[in-house]
$ cat my_file_30.cif   # mmCIF, C-alpha atoms
data_entry
#
loop_
_atom_site.group_PDB
_atom_site.id
_atom_site.type_symbol
_atom_site.label_atom_id
_atom_site.label_comp_id
_atom_site.auth_asym_id
_atom_site.auth_seq_id
_atom_site.Cartn_x
_atom_site.Cartn_y
_atom_site.Cartn_z
ATOM 1 C CA MET A 1 110.551 67.150 168.552
ATOM 2 C CA ASN A 2 107.886 67.324 165.851
ATOM 3 C CA HIS A 3 108.190 71.117 165.823
ATOM 4 C CA VAL A 4 111.949 70.787 165.294
ATOM 5 C CA ASN A 5 111.454 68.443 162.314
ATOM 6 C CA GLN A 6 108.861 70.771 160.845
ATOM 7 C CA GLY A 7 111.295 73.672 161.220
ATOM 8 C CA LYS A 8 114.047 71.728 159.482
ATOM 9 C CA SER A 9 111.688 70.756 156.662
ATOM 10 C CA TYR A 10 110.632 74.386 156.222
ATOM 11 C CA LEU A 11 114.262 75.560 156.044
ATOM 12 C CA LEU A 12 115.068 72.797 153.551
ATOM 13 C CA LEU A 13 112.144 73.855 151.355
ATOM 14 C CA ILE A 14 113.252 77.484 151.412
ATOM 15 C CA SER A 15 116.821 76.472 150.542
ATOM 16 C CA LEU A 16 115.636 74.396 147.595
ATOM 17 C CA LEU A 17 113.503 77.280 146.300
ATOM 18 C CA ILE A 18 116.454 79.682 146.520
ATOM 19 C CA LEU A 19 118.679 77.177 144.725
ATOM 20 C CA ALA A 20 116.091 76.726 141.959
ATOM 21 C CA LEU A 21 115.803 80.491 141.448
ATOM 22 C CA PHE A 22 119.593 80.799 141.363
ATOM 23 C CA LEU A 23 119.955 78.056 138.758
ATOM 24 C CA THR A 24 117.192 79.583 136.642
ATOM 25 C CA ALA A 25 118.909 82.968 136.701
ATOM 26 C CA CYS A 26 122.217 81.385 135.747
ATOM 27 C CA GLY A 27 120.582 79.578 132.870
ATOM 28 C CA LYS A 28 119.121 82.805 131.506
ATOM 29 C CA ALA A 29 122.383 84.684 131.846
ATOM 30 C CA ALA A 30 124.243 81.955 129.949
ATOM 31 C CA GLY A 31 122.278 82.591 126.744
ATOM 32 C CA THR A 32 118.993 81.562 125.190
ATOM 33 C CA VAL A 33 120.248 78.374 123.544
ATOM 34 C CA GLY A 34 120.022 75.621 126.119
ATOM 35 C CA ASN A 35 117.895 72.624 126.939
ATOM 36 C CA ASN A 36 114.841 74.432 125.589
ATOM 37 C CA LYS A 37 116.635 74.796 122.206
ATOM 38 C CA GLU A 38 115.307 78.291 121.547
ATOM 39 C CA ILE A 39 116.995 80.713 119.124
ATOM 40 C CA ASN A 40 116.176 84.355 119.848
ATOM 41 C CA ILE A 41 116.819 86.720 116.935
ATOM 42 C CA GLY A 42 117.018 90.442 117.629
ATOM 43 C CA TYR A 43 116.203 92.677 114.679
ATOM 44 C CA GLN A 44 115.623 96.249 113.611
ATOM 45 C CA LYS A 45 113.226 97.213 110.837
ATOM 46 C CA ASN A 46 115.463 96.995 107.790
ATOM 47 C CA GLY A 47 114.772 95.239 104.509
ATOM 48 C CA THR A 48 116.991 92.194 104.990
ATOM 49 C CA SER A 49 115.899 91.355 108.527
ATOM 50 C CA LEU A 50 112.205 91.835 107.795
ATOM 51 C CA THR A 51 112.435 89.790 104.599
ATOM 52 C CA LEU A 52 114.197 87.017 106.503
ATOM 53 C CA LYS A 53 111.517 87.071 109.204
ATOM 54 C CA ASN A 54 108.691 87.168 106.671
ATOM 55 C CA LYS A 55 110.038 84.309 104.507
ATOM 56 C CA GLN A 56 110.044 81.937 107.524
ATOM 57 C CA ALA A 57 112.531 79.677 105.730
ATOM 58 C CA LEU A 58 115.054 80.019 108.580
ATOM 59 C CA GLN A 59 112.419 79.132 111.176
ATOM 60 C CA LYS A 60 111.404 76.011 109.252
ATOM 61 C CA ASP A 61 115.018 74.990 108.738
ATOM 62 C CA LEU A 62 115.858 75.309 112.428
ATOM 63 C CA GLU A 63 112.610 73.657 113.529
ATOM 64 C CA LYS A 64 113.732 70.538 111.671
ATOM 65 C CA GLU A 65 116.737 70.533 114.006
ATOM 66 C CA GLY A 66 114.463 70.821 117.043
ATOM 67 C CA TYR A 67 114.883 74.567 117.626
ATOM 68 C CA LYS A 68 112.159 77.117 118.261
ATOM 69 C CA VAL A 69 112.777 80.580 116.775
ATOM 70 C CA LYS A 70 111.707 83.752 118.578
ATOM 71 C CA TRP A 71 111.974 87.281 117.135
ATOM 72 C CA SER A 72 112.564 90.389 119.286
ATOM 73 C CA GLU A 73 112.337 93.907 117.837
ATOM 74 C CA PHE A 74 114.711 96.720 118.872
ATOM 75 C CA ASN A 75 114.774 100.398 117.954
ATOM 76 C CA THR A 76 118.493 101.188 118.252
ATOM 77 C CA GLY A 77 121.839 99.563 117.572
ATOM 78 C CA SER A 78 123.058 100.156 121.104
ATOM 79 C CA SER A 79 120.028 98.474 122.708
ATOM 80 C CA ILE A 80 120.165 95.408 120.475
ATOM 81 C CA LEU A 81 123.881 94.946 121.163
ATOM 82 C CA GLU A 82 123.335 95.322 124.906
ATOM 83 C CA ALA A 83 120.785 92.516 124.726
ATOM 84 C CA LEU A 84 123.192 90.367 122.711
ATOM 85 C CA ASN A 85 125.988 90.919 125.203
ATOM 86 C CA ALA A 86 123.644 90.121 128.112
ATOM 87 C CA GLY A 87 122.613 86.807 126.534
ATOM 88 C CA SER A 88 118.968 87.800 126.011
ATOM 89 C CA ILE A 89 119.254 87.209 122.252
ATOM 90 C CA ASP A 90 121.479 85.037 120.086
ATOM 91 C CA PHE A 91 121.632 87.077 116.861
ATOM 92 C CA ALA A 92 121.520 90.806 116.129
ATOM 93 C CA GLY A 93 121.879 93.313 113.317
ATOM 94 C CA ALA A 94 123.340 96.808 113.793
ATOM 95 C CA GLY A 95 125.686 99.367 112.303
ATOM 96 C CA ASP A 96 129.444 99.675 112.444
ATOM 97 C CA ILE A 97 129.893 102.531 114.913
ATOM 98 C CA PRO A 98 127.446 101.235 117.591
ATOM 99 C CA SER A 99 129.275 97.900 117.525
ATOM 100 C CA ILE A 100 132.641 99.573 118.106
ATOM 101 C CA PHE A 101 131.283 101.644 120.978
ATOM 102 C CA ALA A 102 129.823 98.477 122.530
ATOM 103 C CA LEU A 103 133.113 96.602 122.283
ATOM 104 C CA ALA A 104 135.041 99.564 123.703
ATOM 105 C CA LYS A 105 132.734 99.435 126.726
ATOM 106 C CA GLY A 106 133.543 95.770 127.320
ATOM 107 C CA SER A 107 130.848 93.905 125.388
ATOM 108 C CA ASP A 108 131.607 90.539 123.841
ATOM 109 C CA PHE A 109 130.023 89.196 120.644
ATOM 110 C CA LYS A 110 131.051 88.043 117.181
ATOM 111 C CA PHE A 111 130.852 89.785 113.799
ATOM 112 C CA ILE A 112 129.544 87.081 111.474
ATOM 113 C CA ALA A 113 128.411 88.836 108.274
ATOM 114 C CA SER A 114 127.776 92.193 106.637
ATOM 115 C CA GLU A 115 126.087 93.895 103.730
ATOM 116 C CA PRO A 116 128.313 95.839 101.310
ATOM 117 C CA SER A 117 129.308 99.355 102.317
ATOM 118 C CA SER A 118 126.846 102.029 101.151
ATOM 119 C CA PRO A 119 128.198 105.515 101.937
ATOM 120 C CA SER A 120 125.339 107.094 99.966
ATOM 121 C CA SER A 121 122.821 105.781 102.516
ATOM 122 C CA GLN A 122 123.806 108.520 104.966
ATOM 123 C CA GLY A 123 124.465 112.218 104.660
ATOM 124 C CA ILE A 124 124.347 115.771 105.957
ATOM 125 C CA LEU A 125 121.022 117.442 105.245
ATOM 126 C CA VAL A 126 120.281 121.158 104.945
ATOM 127 C CA GLY A 127 116.969 122.861 104.232
ATOM 128 C CA LYS A 128 115.877 123.541 100.665
ATOM 129 C CA ASP A 129 116.246 127.306 101.221
ATOM 130 C CA SER A 130 119.410 127.068 103.320
ATOM 131 C CA GLN A 131 122.398 129.312 102.669
ATOM 132 C CA ILE A 132 124.659 126.393 103.575
ATOM 133 C CA LYS A 133 126.053 125.153 100.268
ATOM 134 C CA SER A 134 129.227 123.353 101.325
ATOM 135 C CA LEU A 135 130.826 121.596 104.272
ATOM 136 C CA GLU A 136 132.841 124.744 104.992
ATOM 137 C CA ASP A 137 129.578 126.654 105.507
ATOM 138 C CA LEU A 138 128.770 124.489 108.534
ATOM 139 C CA LYS A 139 131.200 126.488 110.644
ATOM 140 C CA GLY A 140 129.362 128.089 113.564
ATOM 141 C CA LYS A 141 126.091 126.344 112.709
ATOM 142 C CA LYS A 142 123.814 124.126 114.822
ATOM 143 C CA VAL A 143 124.131 120.540 113.621
ATOM 144 C CA ALA A 144 121.855 117.780 114.902
ATOM 145 C CA PHE A 145 123.003 114.158 115.082
ATOM 146 C CA ASN A 146 122.631 111.037 117.155
ATOM 147 C CA LYS A 147 125.445 110.772 119.685
ATOM 148 C CA ALA A 148 127.753 107.735 119.494
ATOM 149 C CA SER A 149 126.455 106.801 116.039
ATOM 150 C CA ILE A 150 127.665 106.698 112.451
ATOM 151 C CA SER A 151 126.303 110.249 112.138
ATOM 152 C CA GLN A 152 128.771 111.606 114.683
ATOM 153 C CA TYR A 153 131.597 109.771 112.951
ATOM 154 C CA LEU A 154 130.501 111.024 109.497
ATOM 155 C CA LEU A 155 130.302 114.620 110.712
ATOM 156 C CA ASN A 156 133.733 114.445 112.344
ATOM 157 C CA GLN A 157 135.356 113.017 109.215
ATOM 158 C CA SER A 158 133.528 115.421 106.892
ATOM 159 C CA LEU A 159 134.606 118.465 108.873
ATOM 160 C CA ASP A 160 138.159 117.170 109.048
ATOM 161 C CA SER A 161 138.226 116.790 105.238
ATOM 162 C CA VAL A 162 137.801 120.585 104.863
ATOM 163 C CA GLY A 163 140.054 121.621 107.736
ATOM 164 C CA LEU A 164 137.346 122.016 110.370
ATOM 165 C CA ALA A 165 136.793 120.258 113.702
ATOM 166 C CA MET A 166 133.785 119.356 115.826
ATOM 167 C CA SER A 167 134.545 122.405 117.943
ATOM 168 C CA ASP A 168 133.783 124.562 114.882
ATOM 169 C CA VAL A 169 130.085 123.618 114.948
ATOM 170 C CA GLU A 170 127.434 123.647 117.661
ATOM 171 C CA PRO A 171 126.433 120.016 118.223
ATOM 172 C CA VAL A 172 122.811 119.244 119.059
ATOM 173 C CA TYR A 173 122.455 115.660 120.288
ATOM 174 C CA LEU A 174 119.092 114.277 119.157
ATOM 175 C CA ASN A 175 117.811 110.883 118.095
ATOM 176 C CA PRO A 176 116.438 110.775 114.516
ATOM 177 C CA PRO A 177 112.717 111.287 115.310
ATOM 178 C CA ASP A 178 113.431 114.313 117.532
ATOM 179 C CA ALA A 179 116.069 115.641 115.128
ATOM 180 C CA SER A 180 113.566 115.414 112.274
ATOM 181 C CA VAL A 181 111.165 117.728 114.125
ATOM 182 C CA ALA A 182 113.914 120.167 115.109
ATOM 183 C CA PHE A 183 115.216 120.250 111.535
ATOM 184 C CA GLU A 184 111.801 120.831 109.954
ATOM 185 C CA GLN A 185 111.041 123.611 112.436
ATOM 186 C CA GLY A 186 114.345 125.351 111.731
ATOM 187 C CA GLU A 187 115.732 124.857 115.233
ATOM 188 C CA VAL A 188 118.943 123.409 113.774
ATOM 189 C CA ASP A 189 120.810 124.360 110.609
ATOM 190 C CA ALA A 190 121.800 120.872 109.488
ATOM 191 C CA TRP A 191 121.026 117.253 110.284
ATOM 192 C CA VAL A 192 123.360 114.286 109.930
ATOM 193 C CA VAL A 193 121.420 111.052 109.522
ATOM 194 C CA TRP A 194 121.056 107.742 107.714
ATOM 195 C CA ASP A 195 118.314 106.086 105.688
ATOM 196 C CA PRO A 196 115.358 105.910 105.679
ATOM 197 C CA TYR A 197 115.282 109.250 107.550
ATOM 198 C CA MET A 198 117.576 110.869 105.003
ATOM 199 C CA THR A 199 115.517 109.862 101.980
ATOM 200 C CA VAL A 200 112.244 110.843 103.695
ATOM 201 C CA SER A 201 113.672 114.313 104.381
ATOM 202 C CA GLU A 202 115.128 114.593 100.892
ATOM 203 C CA SER A 203 111.682 113.815 99.416
ATOM 204 C CA LYS A 204 110.427 116.992 101.114
ATOM 205 C CA GLY A 205 112.870 119.105 99.101
ATOM 206 C CA ASN A 206 115.766 119.209 101.539
ATOM 207 C CA THR A 207 119.316 118.862 100.214
ATOM 208 C CA ILE A 208 122.192 116.489 100.918
ATOM 209 C CA LEU A 209 125.504 118.306 101.076
ATOM 210 C CA LYS A 210 128.078 116.981 98.628
ATOM 211 C CA ASN A 211 130.774 115.059 100.436
ATOM 212 C CA LYS A 212 133.418 113.574 98.141
ATOM 213 C CA ASP A 213 135.061 111.502 100.854
ATOM 214 C CA GLY A 214 132.149 110.001 102.783
ATOM 215 C CA VAL A 215 132.805 107.121 105.161
ATOM 216 C CA PRO A 216 132.226 103.360 104.996
ATOM 217 C CA TYR A 217 128.752 102.441 106.187
ATOM 218 C CA ARG A 218 127.570 98.864 106.605
ATOM 219 C CA THR A 219 124.907 96.834 108.308
ATOM 220 C CA PHE A 220 126.580 94.075 110.281
ATOM 221 C CA TYR A 221 125.168 90.877 111.705
ATOM 222 C CA PHE A 222 126.347 89.383 114.989
ATOM 223 C CA SER A 223 125.978 86.315 117.133
ATOM 224 C CA SER A 224 126.684 85.780 120.793
ATOM 225 C CA SER A 225 130.168 84.387 121.417
ATOM 226 C CA LYS A 226 128.551 81.435 123.204
ATOM 227 C CA LEU A 227 126.477 80.472 120.186
ATOM 228 C CA ALA A 228 129.405 80.916 117.769
ATOM 229 C CA ASN A 229 131.603 78.691 119.926
ATOM 230 C CA GLU A 230 129.077 75.982 120.745
ATOM 231 C CA HIS A 231 126.805 75.922 117.680
ATOM 232 C CA PRO A 232 128.717 77.224 114.632
ATOM 233 C CA GLU A 233 126.397 75.252 112.355
ATOM 234 C CA ILE A 234 123.467 77.440 113.470
ATOM 235 C CA VAL A 235 125.478 80.584 112.757
ATOM 236 C CA GLY A 236 126.210 79.239 109.291
ATOM 237 C CA LYS A 237 122.523 78.575 108.611
ATOM 238 C CA PHE A 238 121.594 82.071 109.818
ATOM 239 C CA VAL A 239 124.051 83.757 107.431
ATOM 240 C CA GLU A 240 123.016 81.552 104.499
ATOM 241 C CA HIS A 241 119.360 82.473 104.980
ATOM 242 C CA LEU A 242 120.273 86.158 105.373
ATOM 243 C CA ALA A 243 122.139 85.964 102.059
ATOM 244 C CA ASP A 244 119.064 84.473 100.376
ATOM 245 C CA ALA A 245 116.896 87.285 101.771
ATOM 246 C CA GLY A 246 119.362 89.929 100.561
ATOM 247 C CA LYS A 247 119.501 88.468 97.049
ATOM 248 C CA GLU A 248 115.708 88.451 96.929
ATOM 249 C CA ILE A 249 115.651 92.173 97.778
ATOM 250 C CA ASP A 250 118.233 93.032 95.117
ATOM 251 C CA GLN A 251 116.227 91.098 92.521
ATOM 252 C CA ASN A 252 112.877 92.580 93.526
ATOM 253 C CA PRO A 253 113.170 95.681 95.755
ATOM 254 C CA THR A 254 109.491 96.509 95.169
ATOM 255 C CA LYS A 255 108.365 93.485 97.205
ATOM 256 C CA ALA A 256 110.666 94.389 100.094
ATOM 257 C CA ALA A 257 109.556 98.032 99.887
ATOM 258 C CA ALA A 258 105.909 96.955 100.249
ATOM 259 C CA LEU A 259 106.791 94.925 103.343
ATOM 260 C CA LEU A 260 108.698 97.862 104.823
ATOM 261 C CA GLN A 261 105.788 100.222 104.124
ATOM 262 C CA LYS A 262 103.493 97.900 106.051
ATOM 263 C CA GLU A 263 105.874 97.761 109.008
ATOM 264 C CA THR A 264 106.898 101.437 109.159
ATOM 265 C CA ASN A 265 104.158 103.470 107.397
ATOM 266 C CA ILE A 266 106.871 105.076 105.262
ATOM 267 C CA PRO A 267 105.693 105.137 101.600
ATOM 268 C CA LYS A 268 106.767 102.286 99.349
ATOM 269 C CA LYS A 269 108.318 104.648 96.798
ATOM 270 C CA THR A 270 110.576 106.065 99.510
ATOM 271 C CA TRP A 271 111.680 102.581 100.498
ATOM 272 C CA GLU A 272 112.319 101.701 96.864
ATOM 273 C CA LYS A 273 114.720 104.645 96.636
ATOM 274 C CA VAL A 274 116.377 103.599 99.903
ATOM 275 C CA LEU A 275 116.856 100.022 98.692
ATOM 276 C CA ASN A 276 118.128 101.116 95.276
ATOM 277 C CA ARG A 277 120.819 103.210 96.974
ATOM 278 C CA LYS A 278 122.450 100.100 98.384
ATOM 279 C CA THR A 279 123.124 96.422 97.808
ATOM 280 C CA SER A 280 121.446 94.094 100.287
ATOM 281 C CA ASP A 281 123.505 90.998 99.483
ATOM 282 C CA VAL A 282 124.891 89.520 102.718
ATOM 283 C CA ASN A 283 128.220 87.703 102.962
ATOM 284 C CA PHE A 284 130.394 86.327 105.708
ATOM 285 C CA ILE A 285 132.458 89.215 107.017
ATOM 286 C CA ASP A 286 135.496 89.799 104.782
ATOM 287 C CA GLU A 287 138.891 91.430 105.183
ATOM 288 C CA GLU A 288 137.798 94.756 103.656
ATOM 289 C CA ALA A 289 135.010 95.099 106.220
ATOM 290 C CA VAL A 290 137.424 94.205 109.037
ATOM 291 C CA GLN A 291 139.944 96.806 107.845
ATOM 292 C CA ASP A 292 137.263 99.507 107.619
ATOM 293 C CA LEU A 293 136.026 98.650 111.113
ATOM 294 C CA GLN A 294 139.554 98.764 112.506
ATOM 295 C CA ALA A 295 140.205 102.154 110.905
ATOM 296 C CA GLN A 296 136.970 103.477 112.407
ATOM 297 C CA ALA A 297 137.844 102.073 115.838
ATOM 298 C CA ASP A 298 141.299 103.664 115.715
ATOM 299 C CA ILE A 299 139.881 107.061 114.738
ATOM 300 C CA LEU A 300 137.201 106.958 117.453
ATOM 301 C CA LEU A 301 139.946 106.294 120.010
ATOM 302 C CA LYS A 302 142.181 109.019 118.577
ATOM 303 C CA ILE A 303 139.512 111.724 118.737
ATOM 304 C CA GLY A 304 138.455 110.682 122.231
ATOM 305 C CA LEU A 305 135.021 109.232 121.538
ATOM 306 C CA THR A 306 136.116 105.882 122.964
ATOM 307 C CA GLU A 307 138.529 105.219 125.831
ATOM 308 C CA LYS A 308 139.638 101.675 125.037
ATOM 309 C CA ALA A 309 141.450 100.293 122.008
ATOM 310 C CA VAL A 310 139.523 97.607 120.130
ATOM 311 C CA ASN A 311 141.156 94.891 118.038
ATOM 312 C CA ILE A 312 138.413 93.911 115.593
ATOM 313 C CA ASP A 313 140.085 90.615 114.651
ATOM 314 C CA ASP A 314 139.399 89.357 118.176
ATOM 315 C CA TYR A 315 135.659 89.541 117.520
ATOM 316 C CA VAL A 316 135.381 88.130 113.999
ATOM 317 C CA TRP A 317 133.836 84.688 113.493
ATOM 318 C CA ASN A 318 135.421 82.514 110.827
ATOM 319 C CA PRO A 319 132.916 80.458 108.760
ATOM 320 C CA LYS A 320 135.553 77.739 108.533
ATOM 321 C CA ASP A 321 134.713 77.070 112.184
ATOM 322 C CA LYS A 322 131.356 75.639 111.107
#
$ encode --input "my_file_30.cif" --output "structure tokens"
Amino acid sequence: MNHVNQGKSYLLLISLLILALFLTACGKAAGTVGNNKEINIGYQKNGTSLTLKNKQALQKDLEKEGYKVKWSEFNTGSSILEALNAGSIDFAGAGDIPSIFALAKGSDFKFIASEPSSPSSQGILVGKDSQIKSLEDLKGKKVAFNKASISQYLLNQSLDSVGLAMSDVEPVYLNPPDASVAFEQGEVDAWVVWDPYMTVSESKGNTILKNKDGVPYRTFYFSSSKLANEHPEIVGKFVEHLADAGKEIDQNPTKAAALLQKETNIPKKTWEKVLNRKTSDVNFIDEEAVQDLQAQADILLKIGLTEKAVNIDDYVWNPKDK
């Protein structure tokens, strides 16, 4: 009889352990804001995010409310948005095209703010001795770019503006670090990329092809849908502190450039040029940004780069919800 009771006790213990593991997993999947009151901010190494992190004003503000702030670094827009969708982080910053691709694949998050559009922060580079002098000259040439990024979208729209199509060039899919090597070694004829890679390459004597049309190009900031729905006041605080960081950069880009040099080993003077090419002021997402995003989403669907229509309005957070 004692053996039977011991067996039942053992099974009960195992069941309780399994239940505890299950509940823990569910808690993690639901998002990082819970009983532990932790806010996890995902970031990439750009001026606004690093300035925000370095100022520590947001951390102090949220700590007064009983929250602990954790920062998690990411290298790409797609990876940071995957983490946001999975509930591993609560806030993220990424570009326009990666966010549309993520939504088209079924992700769910909220656009909460953006920096102003800066088309001049991206471009199509050719070597200083290249015979390519215009967009038309790209026909038949090897062009490197990051797949499913703003670079692919920029190239498509640029070619279309002069009566060419993607089929008229030889695409070479490379991430920026690998593309930089291929470009410098002459393995590709042109390279489509954004800052700071573009400005670094330009400083070596390479040329940005003139492109009168360009395309909208913004840094967006996002929150998880869970956080936006349950804690809009935290979303509001996050955007307000981002705006303060952006204004600080616009007033004194040299300070932000020094911070970026420390974090990336890219020279301060290069970062100063990058920051002076754009405005870092952050605002709650406005109608112009929504319209530009929707136009981009519609074009990506039309040319077959996405397979699902995306209605941007469904994913925009309204600050009036605070």
$ resolve_selection --input "my_file_30.cif" --expression "the PyMOL selection byres ((chain A and resi 141) around 10)" --output "PyMOL selection string"
chain A and resi 132+137-140+142-144+168-171+188-190
$ write_last_selection --input "my_file_30.cif" --atoms "C-alpha atoms" --output "CSV table (one decimal), in the coordinates of the input"
chain,number,residue,atom,x,y,z
A,132,ILE,CA,124.7,126.4,103.6
A,137,ASP,CA,129.6,126.7,105.5
A,138,LEU,CA,128.8,124.5,108.5
A,139,LYS,CA,131.2,126.5,110.6
A,140,GLY,CA,129.4,128.1,113.6
A,142,LYS,CA,123.8,124.1,114.8
A,143,VAL,CA,124.1,120.5,113.6
A,144,ALA,CA,121.9,117.8,114.9
A,168,ASP,CA,133.8,124.6,114.9
A,169,VAL,CA,130.1,123.6,114.9
A,170,GLU,CA,127.4,123.6,117.7
A,171,PRO,CA,126.4,120.0,118.2
A,188,VAL,CA,118.9,123.4,113.8
A,189,ASP,CA,120.8,124.4,110.6
A,190,ALA,CA,121.8,120.9,109.5
$ axis_aligned_box --input "my_file_30.cif" --around "region 139-158 of chain A" --padding-each-side "6 Å" --output "AutoDock Vina command-line options"
--center_x 128.6 --center_y 117.4 --center_z 113.3 --size_x 25.5 --size_y 33.4 --size_z 24.8
$ residues_around --input "my_file_30.cif" --residues "region 43-55 of chain A" --least-positions-apart "3" --cutoff "9 Å" --atoms "all atoms listed in the file" --output "MDAnalysis selection string"
chainID A and resid 58:59 71:77 80 91:94 241:246 248:249 253 256:257 259:260 263:264 271 275 280:282
$ write_last_selection --input "my_file_30.cif" --atoms "C-alpha atoms" --output "PDB file, in the frame of the given file"
ATOM      1  CA  LEU A  58     115.054  80.019 108.580  1.00  0.00           C
ATOM      2  CA  GLN A  59     112.419  79.132 111.176  1.00  0.00           C
ATOM      3  CA  TRP A  71     111.974  87.281 117.135  1.00  0.00           C
ATOM      4  CA  SER A  72     112.564  90.389 119.286  1.00  0.00           C
ATOM      5  CA  GLU A  73     112.337  93.907 117.837  1.00  0.00           C
ATOM      6  CA  PHE A  74     114.711  96.720 118.872  1.00  0.00           C
ATOM      7  CA  ASN A  75     114.774 100.398 117.954  1.00  0.00           C
ATOM      8  CA  THR A  76     118.493 101.188 118.252  1.00  0.00           C
ATOM      9  CA  GLY A  77     121.839  99.563 117.572  1.00  0.00           C
ATOM     10  CA  ILE A  80     120.165  95.408 120.475  1.00  0.00           C
ATOM     11  CA  PHE A  91     121.632  87.077 116.861  1.00  0.00           C
ATOM     12  CA  ALA A  92     121.520  90.806 116.129  1.00  0.00           C
ATOM     13  CA  GLY A  93     121.879  93.313 113.317  1.00  0.00           C
ATOM     14  CA  ALA A  94     123.340  96.808 113.793  1.00  0.00           C
ATOM     15  CA  HIS A 241     119.360  82.473 104.980  1.00  0.00           C
ATOM     16  CA  LEU A 242     120.273  86.158 105.373  1.00  0.00           C
ATOM     17  CA  ALA A 243     122.139  85.964 102.059  1.00  0.00           C
ATOM     18  CA  ASP A 244     119.064  84.473 100.376  1.00  0.00           C
ATOM     19  CA  ALA A 245     116.896  87.285 101.771  1.00  0.00           C
ATOM     20  CA  GLY A 246     119.362  89.929 100.561  1.00  0.00           C
ATOM     21  CA  GLU A 248     115.708  88.451  96.929  1.00  0.00           C
ATOM     22  CA  ILE A 249     115.651  92.173  97.778  1.00  0.00           C
ATOM     23  CA  PRO A 253     113.170  95.681  95.755  1.00  0.00           C
ATOM     24  CA  ALA A 256     110.666  94.389 100.094  1.00  0.00           C
ATOM     25  CA  ALA A 257     109.556  98.032  99.887  1.00  0.00           C
ATOM     26  CA  LEU A 259     106.791  94.925 103.343  1.00  0.00           C
ATOM     27  CA  LEU A 260     108.698  97.862 104.823  1.00  0.00           C
ATOM     28  CA  GLU A 263     105.874  97.761 109.008  1.00  0.00           C
ATOM     29  CA  THR A 264     106.898 101.437 109.159  1.00  0.00           C
ATOM     30  CA  TRP A 271     111.680 102.581 100.498  1.00  0.00           C
ATOM     31  CA  LEU A 275     116.856 100.022  98.692  1.00  0.00           C
ATOM     32  CA  SER A 280     121.446  94.094 100.287  1.00  0.00           C
ATOM     33  CA  ASP A 281     123.505  90.998  99.483  1.00  0.00           C
ATOM     34  CA  VAL A 282     124.891  89.520 102.718  1.00  0.00           C
TER      35      VAL A 282
END
$ residues_around --input "my_file_30.cif" --residues "region 200-213 of chain A" --least-positions-apart "4" --cutoff "9 Å" --atoms "only C-alpha atoms" --output "list in words"
Gly123, Ile124, Leu125, Val126, Gly127, Lys128, Asp129, Ser130, Ile132, Lys133, Ser134, Leu135, Gln157, Ser158, Ser161, Ser180, Glu184, Asp195, Pro196, Ile266, Pro267, Thr270 and Trp271 of chain A
$ resolve_selection --input "my_file_30.cif" --expression "the PyMOL selection byres ((chain A and resi 107) around 10)" --output "JSON, numbers by chain"
{"A": [81, 82, 84, 85, 86, 99, 100, 101, 102, 103, 104, 105, 106, 108, 109]}
$ atom_distance --input "my_file_30.cif" --atom1 "CA of Met166 (chain A)" --atom2 "CA of Ile97 (chain A)"
17.3 Å
$ resolve_selection --input "my_file_30.cif" --expression "the PyMOL selection byres ((chain A and resi 151) around 8)" --output "list in words"
Gln122, Gly123, Phe145, Asn146, Lys147, Ala148, Ser149, Ile150, Gln152, Tyr153, Leu154, Leu155, Val192, Val193 and Trp194 of chain A
$ atom_distance --input "my_file_30.cif" --atom1 "CA of Val316 (chain A)" --atom2 "CA of Gln291 (chain A)"
11.6 Å
$ closest_atom_pairs --input "my_file_30.cif" --of "region 155-252 of chain A" --to "region 312-315 of chain A" --cutoff "12 Å" --atoms "only C-alpha atoms" --output "tab-separated table"
residue	atom	partner	partner_atom	distance
A:Phe222	CA	A:Tyr315	CA	9.7
A:Ser223	CA	A:Tyr315	CA	10.2
A:Ser224	CA	A:Tyr315	CA	10.3
A:Ser225	CA	A:Tyr315	CA	8.5
A:Ala228	CA	A:Tyr315	CA	10.7
A:Asn229	CA	A:Tyr315	CA	11.8
